[in-house]
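Next comes upload.cif, with mmCIF, C-alpha atoms.
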data_entry
loop_
_atom_site.label_atom_id
_atom_site.label_comp_id
_atom_site.auth_asym_id
_atom_site.auth_seq_id
_atom_site.Cartn_x
_atom_site.Cartn_y
_atom_site.Cartn_z
CA MET A 21 -9.73 -9.22 -32.55
CA LEU A 22 -7.68 -11.87 -30.83
CA ALA A 23 -8.90 -10.95 -27.34
CA GLY A 24 -12.51 -11.48 -28.37
CA ARG A 25 -11.83 -14.91 -29.87
CA LEU A 26 -9.61 -16.03 -27.00
CA ALA A 27 -11.81 -15.02 -24.08
CA PRO A 28 -14.69 -17.53 -24.51
CA TRP A 29 -12.19 -20.39 -24.91
CA CYS A 30 -10.43 -19.41 -21.70
CA ALA A 31 -13.75 -19.12 -19.92
CA GLY A 32 -14.73 -22.57 -21.13
CA LEU A 33 -11.36 -23.97 -20.08
CA ALA A 34 -11.77 -22.32 -16.67
CA ALA A 35 -15.20 -23.89 -16.20
CA VAL A 36 -13.97 -27.37 -17.17
CA LEU A 37 -10.85 -27.15 -15.01
CA ALA A 38 -12.79 -25.77 -12.06
CA ALA A 39 -15.33 -28.58 -12.32
CA LEU A 40 -12.53 -31.16 -12.50
CA GLY A 41 -10.62 -29.53 -9.66
CA LEU A 42 -13.66 -29.30 -7.42
CA TRP A 43 -14.54 -32.94 -8.15
CA LEU A 44 -10.99 -34.02 -7.30
CA GLY A 45 -10.99 -31.81 -4.24
CA PHE A 46 -14.34 -32.65 -2.77
CA PHE A 47 -14.96 -36.26 -3.81
CA VAL A 48 -11.68 -37.96 -4.70
CA ALA A 49 -9.18 -36.54 -2.24
CA PRO A 50 -9.27 -38.26 1.17
CA ALA A 51 -10.16 -36.41 4.36
CA ASP A 52 -7.17 -35.02 6.22
CA ALA A 53 -6.02 -37.09 9.20
CA VAL A 54 -5.78 -34.11 11.56
CA GLN A 55 -8.20 -31.54 10.19
CA GLY A 56 -10.96 -33.77 8.85
CA GLU A 57 -13.13 -32.40 6.06
CA VAL A 58 -12.59 -28.71 6.70
CA TYR A 59 -9.20 -28.67 5.00
CA ARG A 60 -10.97 -28.85 1.62
CA VAL A 61 -11.20 -25.07 1.68
CA ILE A 62 -7.58 -24.99 0.51
CA PHE A 63 -8.67 -26.03 -2.98
CA ILE A 64 -10.07 -22.54 -3.34
CA HIS A 65 -7.95 -20.72 -0.81
CA VAL A 66 -4.46 -21.53 -2.07
CA PRO A 67 -5.06 -20.87 -5.80
CA ALA A 68 -6.80 -17.59 -4.90
CA ALA A 69 -3.88 -16.50 -2.73
CA TRP A 70 -1.37 -17.40 -5.44
CA MET A 71 -3.33 -15.52 -8.08
CA SER A 72 -3.79 -12.44 -5.90
CA MET A 73 -0.03 -12.05 -5.47
CA PHE A 74 0.85 -13.00 -9.01
CA ILE A 75 -1.68 -10.61 -10.53
CA TYR A 76 -0.19 -7.77 -8.51
CA LEU A 77 3.27 -8.53 -9.86
CA LEU A 78 1.82 -8.74 -13.36
CA MET A 79 0.10 -5.39 -12.84
CA ALA A 80 3.37 -3.83 -11.70
CA PHE A 81 5.11 -5.39 -14.68
CA TRP A 82 2.65 -3.93 -17.20
CA SER A 83 2.81 -0.59 -15.40
CA ALA A 84 6.60 -0.55 -15.72
CA VAL A 85 6.35 -1.52 -19.41
CA GLY A 86 3.82 1.26 -19.92
CA LEU A 87 5.94 3.90 -18.23
CA VAL A 88 9.14 2.90 -20.00
CA MET A 89 7.83 2.09 -23.48
CA ASN A 90 4.91 4.53 -23.36
CA THR A 91 2.42 1.95 -24.66
CA ARG A 92 -1.25 2.55 -23.98
CA MET A 93 -2.24 -1.11 -24.10
CA SER A 94 -0.09 -2.04 -21.11
CA PHE A 95 -1.77 0.60 -18.92
CA LEU A 96 -5.16 -0.72 -19.94
CA LEU A 97 -4.09 -4.28 -19.14
CA ALA A 98 -2.82 -3.21 -15.71
CA ARG A 99 -6.13 -1.50 -15.00
CA ALA A 100 -8.11 -4.51 -16.22
CA LEU A 101 -6.09 -6.81 -13.97
CA ALA A 102 -6.69 -4.89 -10.75
CA PRO A 103 -10.34 -5.85 -10.00
CA THR A 104 -9.62 -9.55 -10.60
CA GLY A 105 -6.61 -9.40 -8.32
CA ALA A 106 -8.59 -7.66 -5.61
CA MET A 107 -11.34 -10.27 -5.96
CA PHE A 108 -8.89 -13.17 -5.53
CA CYS A 109 -7.30 -11.36 -2.60
CA PHE A 110 -10.69 -11.04 -0.93
CA VAL A 111 -11.59 -14.67 -1.66
CA ALA A 112 -8.30 -15.81 -0.12
CA LEU A 113 -8.94 -13.78 3.02
CA TRP A 114 -12.57 -14.88 3.29
CA THR A 115 -11.97 -18.60 2.79
CA GLY A 116 -8.98 -18.31 5.13
CA ALA A 117 -11.24 -16.88 7.83
CA LEU A 118 -13.77 -19.69 7.33
CA TRP A 119 -10.97 -22.23 7.59
CA GLY A 120 -9.35 -20.51 10.56
CA ARG A 121 -12.41 -20.58 12.80
CA PRO A 122 -12.63 -24.39 13.24
CA THR A 123 -8.88 -25.08 13.01
CA TRP A 124 -7.16 -22.15 14.77
CA GLY A 125 -10.19 -21.21 16.86
CA ALA A 126 -10.25 -17.67 15.47
CA TYR A 127 -11.42 -16.04 12.26
CA TRP A 128 -8.43 -13.78 12.21
CA ALA A 129 -4.92 -13.72 13.65
CA TRP A 130 -2.32 -11.00 13.17
CA ASP A 131 0.00 -13.47 11.59
CA ALA A 132 2.58 -12.32 9.06
CA ARG A 133 0.87 -13.77 6.00
CA LEU A 134 -2.60 -12.58 6.92
CA THR A 135 -1.42 -9.06 7.49
CA LEU A 136 0.49 -9.12 4.22
CA GLN A 137 -2.58 -10.27 2.36
CA LEU A 138 -4.74 -7.58 3.95
CA LEU A 139 -2.26 -4.88 2.96
CA LEU A 140 -2.17 -6.29 -0.55
CA LEU A 141 -5.95 -5.87 -0.70
CA PHE A 142 -5.58 -2.24 0.30
CA LEU A 143 -2.89 -1.71 -2.32
CA TYR A 144 -5.38 -3.01 -4.90
CA PHE A 145 -8.09 -0.71 -3.52
CA GLY A 146 -5.73 2.26 -3.63
CA PHE A 147 -4.82 1.54 -7.25
CA ILE A 148 -8.46 1.14 -8.32
CA ALA A 149 -9.61 4.22 -6.39
CA LEU A 150 -6.83 6.39 -7.77
CA THR A 151 -7.33 5.39 -11.40
CA ARG A 152 -11.10 5.89 -11.06
CA ALA A 153 -10.76 9.29 -9.39
CA ILE A 154 -8.69 10.87 -12.14
CA ALA A 155 -10.75 12.03 -15.09
CA GLU A 156 -8.02 12.53 -17.71
CA PRO A 157 -7.11 9.05 -18.99
CA ASN A 158 -3.45 9.91 -19.52
CA ARG A 159 -2.85 11.06 -15.99
CA ALA A 160 -4.93 8.20 -14.57
CA ASP A 161 -2.82 5.64 -16.43
CA ARG A 162 0.47 7.09 -15.31
CA ALA A 163 -0.53 7.82 -11.72
CA GLY A 164 -1.90 4.30 -11.36
CA ALA A 165 1.27 2.82 -12.86
CA LEU A 166 3.43 4.80 -10.45
CA ILE A 167 1.48 3.69 -7.39
CA ALA A 168 1.45 0.07 -8.59
CA LEU A 169 5.25 0.15 -8.83
CA VAL A 170 5.65 1.75 -5.41
CA GLY A 171 3.36 -0.92 -4.00
CA ALA A 172 5.43 -3.64 -5.63
CA VAL A 173 8.49 -2.30 -3.79
CA ASN A 174 6.46 -2.29 -0.61
CA VAL A 175 5.22 -5.88 -0.76
CA PRO A 176 8.55 -7.61 0.02
CA VAL A 177 9.33 -4.99 2.67
CA ILE A 178 6.07 -5.74 4.44
CA TYR A 179 6.60 -9.45 4.02
CA PHE A 180 10.02 -9.56 5.66
CA SER A 181 9.38 -6.87 8.24
CA VAL A 182 6.23 -8.46 9.58
CA GLN A 183 7.90 -11.84 9.70
CA TRP A 184 10.82 -10.41 11.58
CA TRP A 185 8.58 -8.50 13.92
CA SER A 186 6.51 -11.53 14.85
CA THR A 187 9.57 -13.67 15.55
CA LEU A 188 10.70 -10.99 17.99
CA HIS A 189 7.48 -10.23 19.77
CA GLN A 190 4.86 -12.89 19.26
CA GLY A 191 5.06 -16.33 20.72
CA ALA A 192 4.15 -19.19 18.43
CA SER A 193 2.43 -17.82 15.37
CA VAL A 194 0.74 -20.24 13.07
CA SER A 195 2.86 -21.07 10.08
CA PHE A 196 1.85 -22.55 6.77
CA SER A 197 5.21 -24.18 6.31
CA ARG A 198 4.31 -26.79 8.90
CA ALA A 199 1.53 -28.17 6.73
CA PRO A 200 1.53 -31.97 6.48
CA SER A 201 2.79 -33.39 3.23
CA MET A 202 -0.09 -33.88 0.86
CA ALA A 203 -1.61 -36.93 -0.74
CA ALA A 204 -1.19 -37.00 -4.51
CA THR A 205 -4.90 -36.49 -5.23
CA MET A 206 -4.97 -33.43 -2.97
CA LEU A 207 -2.06 -31.92 -4.84
CA ALA A 208 -3.66 -32.76 -8.19
CA GLY A 209 -6.92 -31.12 -7.12
CA MET A 210 -5.14 -28.01 -5.96
CA LEU A 211 -3.05 -27.65 -9.09
CA THR A 212 -6.11 -28.14 -11.29
CA MET A 213 -7.87 -25.40 -9.36
CA ALA A 214 -4.84 -23.16 -9.77
CA LEU A 215 -4.96 -23.70 -13.54
CA ALA A 216 -8.69 -22.96 -13.46
CA ALA A 217 -7.96 -19.70 -11.64
CA TRP A 218 -5.42 -18.85 -14.33
CA ALA A 219 -7.83 -19.51 -17.16
CA TYR A 220 -10.55 -17.57 -15.38
CA SER A 221 -8.27 -14.57 -14.89
CA VAL A 222 -7.19 -14.52 -18.53
CA ALA A 223 -10.80 -14.72 -19.70
CA VAL A 224 -12.12 -12.02 -17.40
CA VAL A 225 -9.22 -9.66 -18.00
CA LEU A 226 -9.56 -10.01 -21.77
CA TRP A 227 -13.28 -9.40 -21.52
CA ARG A 228 -12.75 -6.36 -19.35
CA VAL A 229 -10.05 -4.85 -21.50
CA ARG A 230 -12.01 -5.03 -24.79
CA PRO A 231 -14.58 -2.29 -24.08
CA MET A 232 -11.81 -0.26 -22.42
CA ILE A 233 -9.85 -0.34 -25.67
CA LEU A 234 -12.94 0.58 -27.69
CA VAL A 235 -13.72 3.55 -25.45
CA ARG A 236 -10.14 4.75 -25.47
CA GLU A 237 -9.72 4.37 -29.23
CA ARG A 238 -13.20 5.56 -30.17
CA HIS A 239 -11.80 8.09 -32.62
CA ALA A 240 -9.55 5.61 -34.41
CA ASP A 241 -10.53 4.47 -37.89
CA TRP A 242 -10.82 0.80 -37.13
CA VAL A 243 -13.17 1.38 -34.20
CA VAL A 244 -15.42 3.66 -36.22
CA ARG A 245 -15.59 1.02 -38.97
CA LEU A 246 -16.23 -1.75 -36.44
CA LEU A 247 -19.09 0.15 -34.84
CA ALA A 248 -20.61 0.92 -38.25
CA GLU A 249 -20.59 -2.80 -39.10
CA GLU A 250 -22.18 -3.68 -35.76
CA ARG A 251 -25.04 -1.30 -36.36
CA VAL A 252 -25.96 -2.84 -39.72
CA MET B 17 22.22 23.95 -7.71
CA LEU B 18 22.46 24.42 -3.98
CA ARG B 19 21.11 27.96 -4.44
CA VAL B 20 17.81 26.66 -5.81
CA PHE B 21 17.49 24.28 -2.92
CA LEU B 22 18.23 26.97 -0.34
CA ALA B 23 16.00 29.57 -2.01
CA VAL B 24 12.98 27.25 -2.06
CA LEU B 25 13.75 26.07 1.46
CA ARG B 26 13.90 29.68 2.70
CA ARG B 27 10.62 30.53 0.94
CA GLU B 28 8.85 27.49 2.41
CA LEU B 29 10.14 28.13 5.91
CA LEU B 30 9.13 31.78 5.66
CA LEU B 31 5.62 30.67 4.67
CA VAL B 32 5.55 28.28 7.64
CA TRP B 33 6.68 31.07 9.95
CA ARG B 34 4.07 33.50 8.65
CA GLU B 35 1.40 30.90 9.32
CA ARG B 36 2.90 29.40 12.41
CA VAL B 37 -0.51 28.61 13.87
CA ASP B 38 -0.63 25.67 11.43
CA VAL B 39 2.28 24.09 13.28
CA LEU B 40 0.46 24.53 16.56
CA VAL B 41 -2.67 22.96 15.08
CA THR B 42 -0.64 19.92 14.00
CA LEU B 43 0.82 19.67 17.48
CA ALA B 44 -2.59 20.04 19.13
CA PHE B 45 -3.95 17.33 16.85
CA PHE B 46 -1.12 15.00 17.84
CA VAL B 47 -1.74 15.60 21.55
CA ILE B 48 -5.50 15.21 21.33
CA VAL B 49 -5.38 11.99 19.29
CA THR B 50 -2.95 10.55 21.82
CA GLY B 51 -5.21 11.77 24.62
CA LEU B 52 -8.19 9.91 23.20
CA PHE B 53 -6.68 6.51 23.94
CA PRO B 54 -6.82 6.67 27.75
CA PHE B 55 -10.53 7.48 27.40
CA GLY B 56 -11.13 4.66 24.99
CA VAL B 57 -8.93 1.94 26.46
CA GLY B 58 -9.09 2.86 30.14
CA ALA B 59 -6.42 4.53 32.22
CA GLY B 60 -4.86 1.48 33.93
CA ALA B 61 -1.15 2.29 34.18
CA GLY B 62 0.11 -1.08 33.01
CA GLN B 63 -2.23 -1.05 30.04
CA LEU B 64 -1.23 2.45 28.95
CA ARG B 65 2.46 1.62 29.30
CA ALA B 66 1.99 -1.38 27.02
CA ILE B 67 0.24 0.52 24.24
CA ALA B 68 2.21 3.80 24.51
CA PRO B 69 4.74 3.24 21.66
CA GLY B 70 2.07 2.10 19.24
CA VAL B 71 -0.34 4.89 20.15
CA LEU B 72 2.32 7.59 19.82
CA TRP B 73 3.42 6.22 16.47
CA VAL B 74 -0.10 5.99 15.08
CA ALA B 75 -0.81 9.53 16.25
CA ALA B 76 2.42 10.79 14.65
CA LEU B 77 1.52 9.02 11.42
CA LEU B 78 -1.96 10.60 11.37
CA SER B 79 -0.58 14.08 12.05
CA VAL B 80 1.77 13.77 9.09
CA LEU B 81 -1.03 12.37 6.92
CA LEU B 82 -3.42 15.21 7.71
CA SER B 83 -0.77 17.87 7.08
CA LEU B 84 0.15 16.51 3.66
CA HIS B 85 -2.43 18.57 1.78
CA ARG B 86 -0.44 21.70 2.70
CA LEU B 87 2.55 20.48 0.69
CA PHE B 88 1.47 21.21 -2.89
CA GLU B 89 -2.15 22.37 -2.80
CA ARG B 90 -1.66 26.11 -2.52
CA ASP B 91 1.18 26.20 -5.03
CA PHE B 92 -1.01 24.19 -7.39
CA ALA B 93 -3.99 26.52 -6.98
CA GLU B 94 -2.05 29.75 -7.49
CA GLY B 95 0.16 28.48 -10.32
CA THR B 96 3.52 28.54 -8.54
CA LEU B 97 3.83 24.81 -9.06
CA GLU B 98 3.54 25.14 -12.82
CA GLN B 99 6.15 27.89 -12.87
CA LEU B 100 8.53 25.75 -10.81
CA LEU B 101 8.02 22.81 -13.15
CA LEU B 102 8.72 25.03 -16.17
CA SER B 103 11.92 26.42 -14.68
CA PRO B 104 15.19 25.04 -16.10
CA GLU B 105 16.48 24.09 -12.64
CA PRO B 106 16.34 20.36 -11.72
CA ALA B 107 12.90 19.73 -10.26
CA VAL B 108 14.19 17.15 -7.79
CA LEU B 109 15.99 19.90 -5.89
CA TRP B 110 13.05 22.14 -5.13
CA VAL B 111 10.77 19.16 -4.47
CA LEU B 112 13.30 17.94 -1.91
CA ALA B 113 13.47 21.43 -0.39
CA LYS B 114 9.68 21.47 -0.04
CA MET B 115 9.79 18.04 1.59
CA VAL B 116 12.45 19.14 4.08
CA ALA B 117 10.49 22.26 4.98
CA PHE B 118 7.35 20.18 5.33
CA TRP B 119 9.07 17.79 7.74
CA LEU B 120 10.44 20.68 9.80
CA ALA B 121 6.90 22.06 10.13
CA ALA B 122 4.89 18.85 10.54
CA GLY B 123 7.35 16.17 11.66
CA LEU B 124 9.81 17.84 14.01
CA PRO B 125 7.19 19.18 16.48
CA VAL B 126 5.84 15.64 16.83
CA VAL B 127 9.33 14.25 17.47
CA VAL B 128 9.83 16.83 20.24
CA ALA B 129 6.40 16.38 21.82
CA ALA B 130 6.30 12.58 21.78
CA PRO B 131 8.70 11.92 24.71
CA VAL B 132 6.73 14.32 26.91
CA LEU B 133 3.48 12.56 26.08
CA ALA B 134 5.20 9.23 26.65
CA LEU B 135 5.84 10.30 30.24
CA ALA B 136 2.11 10.84 30.63
CA PHE B 137 1.65 7.25 29.47
CA ASP B 138 4.13 6.12 32.14
CA LEU B 139 6.52 4.72 29.56
CA ASP B 140 9.81 3.35 30.93
CA PRO B 141 12.28 6.32 30.85
CA ALA B 142 14.84 4.04 29.21
CA GLY B 143 12.61 4.00 26.14
CA LEU B 144 12.33 7.78 25.75
CA PRO B 145 15.56 8.49 23.82
CA VAL B 146 14.84 5.55 21.54
CA LEU B 147 11.31 6.83 20.94
CA ALA B 148 12.63 10.24 19.94
CA ALA B 149 15.37 8.71 17.77
CA ALA B 150 12.94 6.33 16.06
CA LEU B 151 10.52 9.17 15.35
CA ALA B 152 13.35 11.38 14.10
CA LEU B 153 14.40 8.64 11.68
CA GLY B 154 10.89 7.47 10.76
CA THR B 155 8.84 10.64 10.26
CA PRO B 156 11.05 11.94 7.41
CA SER B 157 10.31 8.70 5.54
CA LEU B 158 6.60 9.27 6.18
CA ALA B 159 6.92 12.82 4.83
CA LEU B 160 8.77 11.61 1.72
CA VAL B 161 6.34 8.79 0.87
CA GLY B 162 3.38 10.97 1.84
CA ALA B 163 4.56 13.70 -0.53
CA LEU B 164 4.38 11.20 -3.39
CA GLY B 165 0.79 10.39 -2.41
CA ALA B 166 -0.03 14.10 -2.16
CA ALA B 167 1.39 14.69 -5.64
CA LEU B 168 -0.59 11.77 -7.10
CA THR B 169 -3.91 12.92 -5.61
CA LEU B 170 -3.34 16.64 -6.24
CA GLY B 171 -6.53 18.41 -7.29
CA LEU B 172 -8.77 15.34 -7.25
CA ARG B 173 -12.26 15.17 -5.78
CA GLY B 174 -12.29 13.34 -2.46
CA GLY B 175 -8.52 13.75 -2.36
CA GLY B 176 -8.18 13.40 1.41
CA MET B 177 -9.70 9.95 1.77
CA LEU B 178 -7.99 8.75 -1.38
CA LEU B 179 -4.65 10.02 -0.06
CA ALA B 180 -5.15 8.04 3.17
CA LEU B 181 -6.07 4.88 1.26
CA ILE B 182 -2.99 5.13 -0.93
CA VAL B 183 -0.45 6.25 1.64
CA LEU B 184 -1.36 4.34 4.82
CA PRO B 185 -0.42 0.86 3.51
CA LEU B 186 2.94 2.35 2.53
CA PHE B 187 3.42 3.71 6.07
CA VAL B 188 3.11 0.27 7.64
CA PRO B 189 6.80 -0.78 7.52
CA VAL B 190 7.85 2.45 9.25
CA LEU B 191 5.17 1.94 11.89
CA ILE B 192 6.31 -1.64 12.55
CA PHE B 193 9.98 -0.78 13.03
CA GLY B 194 9.30 2.51 14.82
CA ALA B 195 7.01 1.07 17.47
CA GLY B 196 9.14 -2.10 17.51
CA ALA B 197 12.29 -0.10 18.34
CA VAL B 198 10.80 1.26 21.57
CA GLU B 199 9.44 -2.11 22.62
CA ALA B 200 12.76 -3.82 21.87
CA GLU B 201 14.66 -1.28 23.97
CA ILE B 202 12.31 -1.67 26.95
CA SER B 203 12.30 -5.46 26.79
CA GLY B 204 16.11 -5.41 26.84
CA VAL B 205 16.75 -6.71 23.32
CA GLY B 206 18.16 -3.38 22.19
CA ALA B 207 16.78 -1.08 19.51
CA ARG B 208 19.85 -1.06 17.30
CA ALA B 209 18.51 -3.36 14.59
CA HIS B 210 15.20 -1.50 14.37
CA LEU B 211 16.87 1.88 14.18
CA LEU B 212 19.25 0.69 11.48
CA LEU B 213 16.32 -0.57 9.44
CA LEU B 214 14.50 2.74 9.90
CA GLY B 215 17.64 4.47 8.65
CA GLY B 216 17.71 2.12 5.68
CA ILE B 217 14.10 2.91 4.82
CA LEU B 218 14.88 6.62 5.10
CA ALA B 219 17.87 6.30 2.78
CA ALA B 220 15.79 4.43 0.21
CA ALA B 221 12.92 6.91 0.47
CA LEU B 222 15.31 9.84 0.18
CA ALA B 223 16.71 8.41 -3.05
CA LEU B 224 13.46 7.24 -4.66
CA ALA B 225 10.66 9.52 -3.44
CA PRO B 226 11.77 12.90 -4.88
CA PRO B 227 12.12 11.73 -8.52
CA ALA B 228 8.87 9.76 -8.27
CA CYS B 229 7.21 12.85 -6.82
CA VAL B 230 8.47 14.98 -9.70
CA ALA B 231 7.08 12.44 -12.18
CA ALA B 232 3.71 12.55 -10.41
CA LEU B 233 3.65 16.38 -10.42
CA ARG B 234 4.41 16.42 -14.15
CA MET B 235 1.40 14.15 -14.75
CA VAL B 236 -0.82 16.77 -13.10
CA ASN B 237 0.29 19.52 -15.45
CA ASP B 238 0.42 17.49 -18.66
#

Spit out the file's structure as structure tokens when you get a sec.
Amino acid sequence: MLAGRLAPWCAGLAAVLAALGLWLGFFVAPADAVQGEVYRVIFIHVPAAWMSMFIYLLMAFWSAVGLVMNTRMSFLLARALAPTGAMFCFVALWTGALWGRPTWGAYWAWDARLTLQLLLLFLYFGFIALTRAIAEPNRADRAGALIALVGAVNVPVIYFSVQWWSTLHQGASVSFSRAPSMAATMLAGMLTMALAAWAYSVAVVLWRVRPMILVRERHADWVVRLLAEERV
Amino acid sequence: MLRVFLAVLRRELLLVWRERVDVLVTLAFFVIVTGLFPFGVGAGAGQLRAIAPGVLWVAALLSVLLSLHRLFERDFAEGTLEQLLLSPEPAVLWVLAKMVAFWLAAGLPVVVAAPVLALAFDLDPAGLPVLAAALALGTPSLALVGALGAALTLGLRGGGMLLALIVLPLFVPVLIFGAGAVEAEISGVGARAHLLLLGGILAAALALAPPACVAALRMVND
């Protein structure tokens, strides 16, 4: 199967890119003029945040494909994506907190983006919990797909509403758009790490989806034959 | 078409009336949750005034959440739900009728009680009509979105906690604009923008939630 052959390559690519990105980030890139060394967290933080949002959109996309085209594979892909997305979401929040303490003076602030990210984490948890709680695979797939789509509608609403709300009621809230322009090596390090996160996600999702397919299709001819060969 | 809607609505309201103590329990829950905050936060008047809109909204949201299991559970257990789904009438109609009846039983009492409780929190009287209006516009959206969650978690083990986990993140926009409306009115900005947005959310929920809810109910019976 293609997934089985592709996954190790992606994992290897992820490891190489991550090593390169971390080397660029921690040894080559200069220290930030204002923040000193602590800014280096962004080499993990930003790619994780990107991936967490992108994986949710991807999950919603596969859910929509599954509901419209009635394809089993897309449901399985959506379900395999969710834990990785939740993990990146958590990493983004955690590294953000570690970065926030020395620079903002607080681990957490009820800033628009932070709140959005936290809600995204709960949307992931809701999806995972719902699909795990339903025993019949058919209903689990469809119920999960429905809630993923509803969540995808909700994400922009939360994003704009919270932004709007904080401009009305909070004084100065910390904004990422004021970040100083980056040195080229910093940008290179960050983009390499983003690519590493991509490769990692592809590898893990492919690995996760393979046994799911086997379990789901355990009565199909090709699976029975495959298992017989394995046993020999 | 309208006949189906009205027939289901009449049936649901009759059931609510026969078990009217449920409505009182919802109301008592709303009052007691609100009443917990002065104990927890301290009864300084300025402090209570500042948190009043948020507290009332969170309490309203929890009352709706905890009533949601009444929406489909009994019909599911006794088989009425399956019969309704098998009927040739459009399912969206009777689902909408159930949602309306649910809001009248679980949402409307909260809308009526909230301004009275707000007086106990020493909220600026100028904010009271806006509070009632925001709740009247916001709680139907909560009922509509909550019904979708109730349909998705119907008959599952640990359904209550799961329902909260799924539905509460979806309630957040309504909470933001609902509590924001009262604060905007008191601070002199005017609640118009917030109320319009709440109306917009309600319109969207009214259009999207019933068909999604029907789809979720069909999954249960497949």

*Run through the PyMOL selection byres ((chain B and resi 135) around 12) on the given coordinates and return the selected residues as an MDAnalysis selection string.*
chainID B and resid 61 64:65 68:69 72 129:134 136:145 147

Expected file: the selected residues, C-alpha atoms, as a short mmCIF file (atom, residue, chain, number, x, y, z; two decimals), keeping the file's coordinate frame:
data_model
loop_
_atom_site.label_atom_id
_atom_site.label_comp_id
_atom_site.auth_asym_id
_atom_site.auth_seq_id
_atom_site.Cartn_x
_atom_site.Cartn_y
_atom_site.Cartn_z
CA ALA B 61 -1.15 2.29 34.18
CA LEU B 64 -1.23 2.45 28.95
CA ARG B 65 2.46 1.62 29.30
CA ALA B 68 2.21 3.80 24.51
CA PRO B 69 4.74 3.24 21.66
CA LEU B 72 2.32 7.59 19.82
CA ALA B 129 6.40 16.38 21.82
CA ALA B 130 6.30 12.58 21.78
CA PRO B 131 8.70 11.92 24.71
CA VAL B 132 6.73 14.32 26.91
CA LEU B 133 3.48 12.56 26.08
CA ALA B 134 5.20 9.23 26.65
CA ALA B 136 2.11 10.84 30.63
CA PHE B 137 1.65 7.25 29.47
CA ASP B 138 4.13 6.12 32.14
CA LEU B 139 6.52 4.72 29.56
CA ASP B 140 9.81 3.35 30.93
CA PRO B 141 12.28 6.32 30.85
CA ALA B 142 14.84 4.04 29.21
CA GLY B 143 12.61 4.00 26.14
CA LEU B 144 12.33 7.78 25.75
CA PRO B 145 15.56 8.49 23.82
CA LEU B 147 11.31 6.83 20.94
#

*Nearest to Ser221 (chain A), chosen from A:Val243, A:Val61, A:Leu97, A:Ala149, with all atoms listed in the file counted in the distances*: A:Leu97

With the file shown as input, list the residues that the PyMOL selection byres ((chain B and resi 164) around 8) selects, as a short mmCIF file (atom, residue, chain, number, x, y, z; two decimals) with C-alpha atoms, in the coordinates of the input.
data_model
loop_
_atom_site.label_atom_id
_atom_site.label_comp_id
_atom_site.auth_asym_id
_atom_site.auth_seq_id
_atom_site.Cartn_x
_atom_site.Cartn_y
_atom_site.Cartn_z
CA LEU B 160 8.77 11.61 1.72
CA VAL B 161 6.34 8.79 0.87
CA GLY B 162 3.38 10.97 1.84
CA ALA B 163 4.56 13.70 -0.53
CA GLY B 165 0.79 10.39 -2.41
CA ALA B 166 -0.03 14.10 -2.16
CA ALA B 167 1.39 14.69 -5.64
CA LEU B 168 -0.59 11.77 -7.10
CA ALA B 225 10.66 9.52 -3.44
CA PRO B 226 11.77 12.90 -4.88
CA ALA B 228 8.87 9.76 -8.27
CA CYS B 229 7.21 12.85 -6.82
CA ALA B 232 3.71 12.55 -10.41
#

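The residues caught by the PyMOL selection byres ((chain B) within 8 of (chain A)) in this file are Leu168, Thr169, Leu172, Arg173, Leu178, Leu181, Ile182, Pro185, Leu186, Val188, Pro189, Ile192, Phe193, Gly196, Ala228, Ala232, Met235, Val236 and Asp238 of chain B.
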
Could those selected residues go to a file with C-alpha atoms, as a short mmCIF file (atom, residue, chain, number, x, y, z; two decimals), keeping the file's coordinate frame?
data_model
loop_
_atom_site.label_atom_id
_atom_site.label_comp_id
_atom_site.auth_asym_id
_atom_site.auth_seq_id
_atom_site.Cartn_x
_atom_site.Cartn_y
_atom_site.Cartn_z
CA LEU B 168 -0.59 11.77 -7.10
CA THR B 169 -3.91 12.92 -5.61
CA LEU B 172 -8.77 15.34 -7.25
CA ARG B 173 -12.26 15.17 -5.78
CA LEU B 178 -7.99 8.75 -1.38
CA LEU B 181 -6.07 4.88 1.26
CA ILE B 182 -2.99 5.13 -0.93
CA PRO B 185 -0.42 0.86 3.51
CA LEU B 186 2.94 2.35 2.53
CA VAL B 188 3.11 0.27 7.64
CA PRO B 189 6.80 -0.78 7.52
CA ILE B 192 6.31 -1.64 12.55
CA PHE B 193 9.98 -0.78 13.03
CA GLY B 196 9.14 -2.10 17.51
CA ALA B 228 8.87 9.76 -8.27
CA ALA B 232 3.71 12.55 -10.41
CA MET B 235 1.40 14.15 -14.75
CA VAL B 236 -0.82 16.77 -13.10
CA ASP B 238 0.42 17.49 -18.66
#

*For region 55-57 of chain B, work out the shell of residues within 12 Å, counting all atoms listed in the file and skipping chain neighbours fewer than 5 positions away, then give it as a list in words.*
Ile48, Val49, Thr50, Gly62, Gln63, Leu64, Arg65, Ala66, Ile67, Ala68 and Val71 of chain B

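Put simply, CA of Met177 (chain B) is 18.6 Å away from CA of Arg90 (chain B).
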
*asked:* Taking all atoms listed in the file into account, name the residue in A:Ala80, A:Ile62, A:Ala208, A:Ile75 that is nearest to Ala117 (chain A).
replied: A:Ile62

*asked:* If we count all atoms listed in the file and set the cut-off at 12 Å, which residues sit around region 99-114 of chain B, ignoring sequence neighbours fewer than 2 positions away in its own chain? Please answer as number ranges by chain.
replied: B: 17-32, 84, 86-88, 91-97, 116-122, 156, 159-161, 163-164, 167, 221-238

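The spacing separating CA of Phe187 (chain B) from CA of Ile217 (chain B) amounts to 10.8 Å.
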
*For CA of Ser83 (chain A) and CA of Ala223 (chain A), determine how far apart the two atoms are, in Å to one decimal place.*
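Going from CA of Ser83 (chain A) over to CA of Ala223 (chain A) covers 20.1 Å.
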